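File shown: query.cif (mmCIF, C-alpha atoms).
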data_work
loop_
_atom_site.label_atom_id
_atom_site.label_comp_id
_atom_site.auth_asym_id
_atom_site.auth_seq_id
_atom_site.Cartn_x
_atom_site.Cartn_y
_atom_site.Cartn_z
CA ILE U 64 0.00 0.00 0.00
CA THR U 65 2.86 2.38 0.80
CA MET U 66 4.42 1.75 -2.61
CA MET U 67 1.09 2.47 -4.34
CA MET U 68 0.76 5.76 -2.47
CA VAL U 69 4.32 6.78 -3.37
CA VAL U 70 3.78 5.91 -7.03
CA THR U 71 0.47 7.81 -7.01
CA LEU U 72 2.21 10.91 -5.66
CA VAL U 73 4.98 10.64 -8.26
CA VAL U 74 2.42 10.27 -11.07
CA ALA U 75 0.43 13.23 -9.73
CA TYR U 76 3.59 15.36 -9.67
CA CYS U 77 4.54 14.31 -13.20
CA SER U 78 1.01 15.05 -14.38
CA GLU U 79 1.21 18.52 -12.88
CA LEU U 80 4.50 19.15 -14.72
CA LEU U 81 2.90 17.94 -17.95
CA ILE U 82 -0.08 20.25 -17.58
CA GLU U 83 2.16 23.24 -16.82
CA SER U 84 4.21 22.59 -19.95
CA LEU U 85 1.17 22.46 -22.25
CA ASP U 86 0.79 26.24 -22.49
CA GLY U 87 4.26 26.51 -24.00
CA VAL U 88 3.53 23.74 -26.48
CA VAL U 89 0.26 25.36 -27.52
CA GLU U 90 1.96 28.71 -28.13
CA LYS U 91 5.12 27.47 -29.86
CA ALA U 92 3.75 24.56 -31.89
CA ARG U 93 0.41 26.25 -32.62
CA ILE U 94 -1.51 23.11 -31.75
CA SER U 95 -5.03 23.48 -30.39
CA GLU U 96 -5.55 22.85 -26.67
CA HIS U 97 -8.54 20.74 -27.62
CA PHE U 98 -6.44 18.53 -29.90
CA ILE U 99 -3.82 18.00 -27.21
CA GLY U 100 -6.37 17.23 -24.50
CA ILE U 101 -8.78 15.10 -26.52
CA ILE U 102 -6.48 13.34 -29.01
CA LEU U 103 -2.79 13.37 -27.98
CA LEU U 104 -2.94 12.95 -24.19
CA PRO U 105 -5.32 9.96 -24.29
CA ILE U 106 -3.12 8.21 -26.87
CA VAL U 107 -0.03 8.66 -24.72
CA GLY U 108 -1.79 8.08 -21.40
CA ASN U 109 -3.43 4.86 -22.53
CA ALA U 110 -0.51 3.46 -24.53
CA CYS U 111 -0.34 0.35 -22.36
CA GLU U 112 -4.03 -0.41 -22.92
CA HIS U 113 -3.65 0.17 -26.65
CA ALA U 114 -0.67 -2.20 -26.78
CA SER U 115 -2.63 -4.86 -24.88
CA ALA U 116 -5.65 -4.50 -27.17
CA VAL U 117 -3.48 -4.77 -30.30
CA ARG U 118 -1.63 -7.76 -28.85
CA PHE U 119 -4.86 -9.64 -28.13
CA ALA U 120 -6.25 -8.73 -31.55
CA ILE U 121 -3.11 -10.18 -33.17
CA MET U 122 -3.56 -13.32 -31.04
CA ASP U 123 -7.05 -13.65 -32.61
CA LYS U 124 -8.92 -12.67 -29.45
CA PRO U 125 -11.02 -9.75 -30.75
CA GLY U 126 -13.54 -10.00 -27.93
CA LEU U 127 -10.87 -9.35 -25.35
CA ALA U 128 -9.32 -6.57 -27.44
CA ILE U 129 -12.67 -4.79 -27.81
CA GLY U 130 -13.40 -5.38 -24.13
CA ILE U 131 -10.17 -3.61 -23.15
CA ALA U 132 -10.90 -0.62 -25.36
CA VAL U 133 -14.59 -0.26 -24.52
CA GLY U 134 -14.06 -1.05 -20.82
CA SER U 135 -11.52 1.74 -20.48
CA SER U 136 -13.85 4.26 -22.10
CA THR U 137 -16.71 3.13 -19.89
CA GLN U 138 -14.62 3.56 -16.75
CA ILE U 139 -13.64 7.09 -17.76
CA SER U 140 -17.19 8.14 -18.62
CA MET U 141 -18.93 6.50 -15.66
CA PHE U 142 -16.41 7.17 -12.88
CA VAL U 143 -13.53 9.49 -13.66
CA VAL U 144 -15.48 12.36 -15.24
CA PRO U 145 -18.18 12.61 -12.54
CA PHE U 146 -15.54 12.14 -9.82
CA SER U 147 -13.46 14.95 -11.32
CA VAL U 148 -16.48 17.26 -11.30
CA ILE U 149 -17.21 16.47 -7.65
CA VAL U 150 -13.57 17.05 -6.69
CA GLY U 151 -13.70 20.32 -8.66
CA TRP U 152 -16.68 21.42 -6.59
CA ILE U 153 -14.84 20.51 -3.39
CA ILE U 154 -11.77 22.58 -4.35
CA ASP U 155 -14.02 25.43 -5.58
CA LYS U 156 -13.40 25.05 -9.32
CA ASP U 157 -16.23 25.83 -11.71
CA MET U 158 -16.92 22.45 -13.32
CA ASP U 159 -20.04 20.76 -14.62
CA LEU U 160 -21.13 17.97 -16.93
CA ASN U 161 -22.37 20.34 -19.65
CA PHE U 162 -20.08 19.37 -22.52
CA GLY U 163 -21.77 21.56 -25.13
CA SER U 164 -23.38 20.57 -28.40
CA LEU U 165 -20.18 19.82 -30.35
CA ASN U 166 -18.62 17.53 -27.74
CA THR U 167 -21.95 15.80 -27.11
CA THR U 168 -22.41 15.23 -30.85
CA VAL U 169 -18.88 13.81 -31.18
CA LEU U 170 -19.55 11.53 -28.21
CA MET U 171 -22.83 10.28 -29.66
CA VAL U 172 -21.29 9.61 -33.09
CA SER U 173 -18.46 7.70 -31.39
CA ILE U 174 -20.94 5.61 -29.40
CA ILE U 175 -22.95 4.79 -32.52
CA VAL U 176 -19.84 3.77 -34.47
CA VAL U 177 -18.56 1.55 -31.64
CA LEU U 178 -22.04 0.07 -31.10
CA SER U 179 -22.18 -0.90 -34.78
CA ILE U 180 -18.95 -2.83 -34.24
CA VAL U 181 -19.70 -4.64 -30.99
CA VAL U 182 -23.39 -5.42 -31.49
CA ASP U 183 -22.84 -8.55 -33.60
CA GLY U 184 -19.69 -9.80 -31.86
CA GLN U 185 -17.72 -9.99 -35.09
CA ALA U 186 -15.49 -7.50 -36.87
CA ASN U 187 -13.94 -7.20 -40.30
CA TRP U 188 -11.55 -4.83 -42.04
CA LEU U 189 -14.35 -2.49 -43.13
CA GLN U 190 -15.49 -1.95 -39.55
CA GLY U 191 -11.89 -1.28 -38.53
CA TYR U 192 -11.67 1.25 -41.35
CA LEU U 193 -14.88 2.86 -40.08
CA LEU U 194 -13.40 3.20 -36.58
CA MET U 195 -10.15 4.68 -37.89
CA SER U 196 -12.02 7.08 -40.19
CA ALA U 197 -14.23 8.30 -37.36
CA TYR U 198 -11.16 8.86 -35.17
CA LEU U 199 -9.39 10.74 -37.98
CA ILE U 200 -12.41 12.99 -38.58
CA ILE U 201 -12.65 13.77 -34.86
CA ALA U 202 -8.89 14.45 -34.70
CA VAL U 203 -9.06 16.87 -37.64
CA LEU U 204 -12.08 18.59 -36.09
CA TYR U 205 -10.29 19.23 -32.80
CA PHE U 206 -6.99 20.09 -34.50
CA TRP U 207 -8.59 23.00 -36.32
CA MET U 208 -10.78 24.15 -33.43
CA PRO U 209 -9.44 27.51 -32.23
CA ASN U 210 -8.18 27.80 -28.66
CA GLY U 211 -10.70 29.31 -26.28
CA GLU U 212 -13.66 28.04 -28.29
CA SER U 213 -15.81 25.65 -26.33
CA PHE U 214 -19.06 25.62 -28.33
CA ARG U 215 -20.97 25.50 -25.06
CA GLU U 216 -24.50 26.70 -24.86
CA SER U 217 -25.16 29.14 -22.04
#
How would this structure read if it were set down as structure tokens?
Amino acid sequence: ITMMMVVTLVVAYCSELLIESLDGVVEKARISEHFIGIILLPIVGNACEHASAVRFAIMDKPGLAIGIAVGSSTQISMFVVPFSVIVGWIIDKDMDLNFGSLNTTVLMVSIIVVLSIVVDGQANWLQGYLLMSAYLIIAVLYFWMPNGESFRES
């Protein structure tokens, strides 16, 4: 338990350093904050899960690979996001679950695309292409979204 607490503190410190360095990256590289937060950080942060999912897919265990990917997303949406909002309220940060129309639309399209893949329990190359295309479209959308824009409805 002590080791887990120490590692948690080290990860929290490293995360804080990462967040502080993002402003410089946004200014110098001219990359949208939205693109970094929604596309790049999840890729890097979940690299181990991605590697596991690819490994099991190569081993012809697509059910397990899809379970890893979908399970991770479910954990984030059902626990981490609401928990972060509650912690934000506790530390007096203005946070809510109003994601705005654009983010909600992107989320719904993502859910529909993933549902079309997992509903029958089988997958083929065309469905993989559909997933990659949806991800690419979302990445381009957030790459070109100007900083400071949130598309939230008041």
Open item on the list: One number please: CA of Ala116 (chain U) to CA of Leu170 (chain U), in Å, one decimal.
Closed with: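 If I compute the distance from CA of Ala116 (chain U) to CA of Leu170 (chain U), I get 21.2 Å.
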Open item on the list: Taking only C-alpha atoms into account, name the residue in U:Phe206, U:Asp86, U:Ile139, U:Ile129 that is nearest to Leu178 (chain U).
Closed with: U:Ile129
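Interatomic distance, CA of Met122 (chain U) to CA of Asn109 (chain U): 20.1 Å.
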Open item on the list: I want to know what sits within 12 Å of Asn210 (chain U), based on only C-alpha atoms, with residues of the same chain fewer than 5 positions away left out; could you give that as a PyMOL selection string?
Closed with: chain U and resi 86+89-90+93-100+205
TODO: Determine, counting all atoms listed in the file, every residue of protein, DNA or RNA that lies within 12 Å of (-19.6, 16.3, -26.8) in the file coordinates, then give the result as a ChimeraX atom specification.
DONE: /U:97,101,140,160-174,201,205,213-216
Task: Selection result of the PyMOL selection byres ((chain U and resi 133) around 12) on this file, as JSON, numbers by chain - done: {"U": [112, 113, 116, 125, 126, 127, 128, 129, 130, 131, 132, 134, 135, 136, 137, 138, 139, 140, 141, 173, 174, 176, 177, 178, 180, 181]}
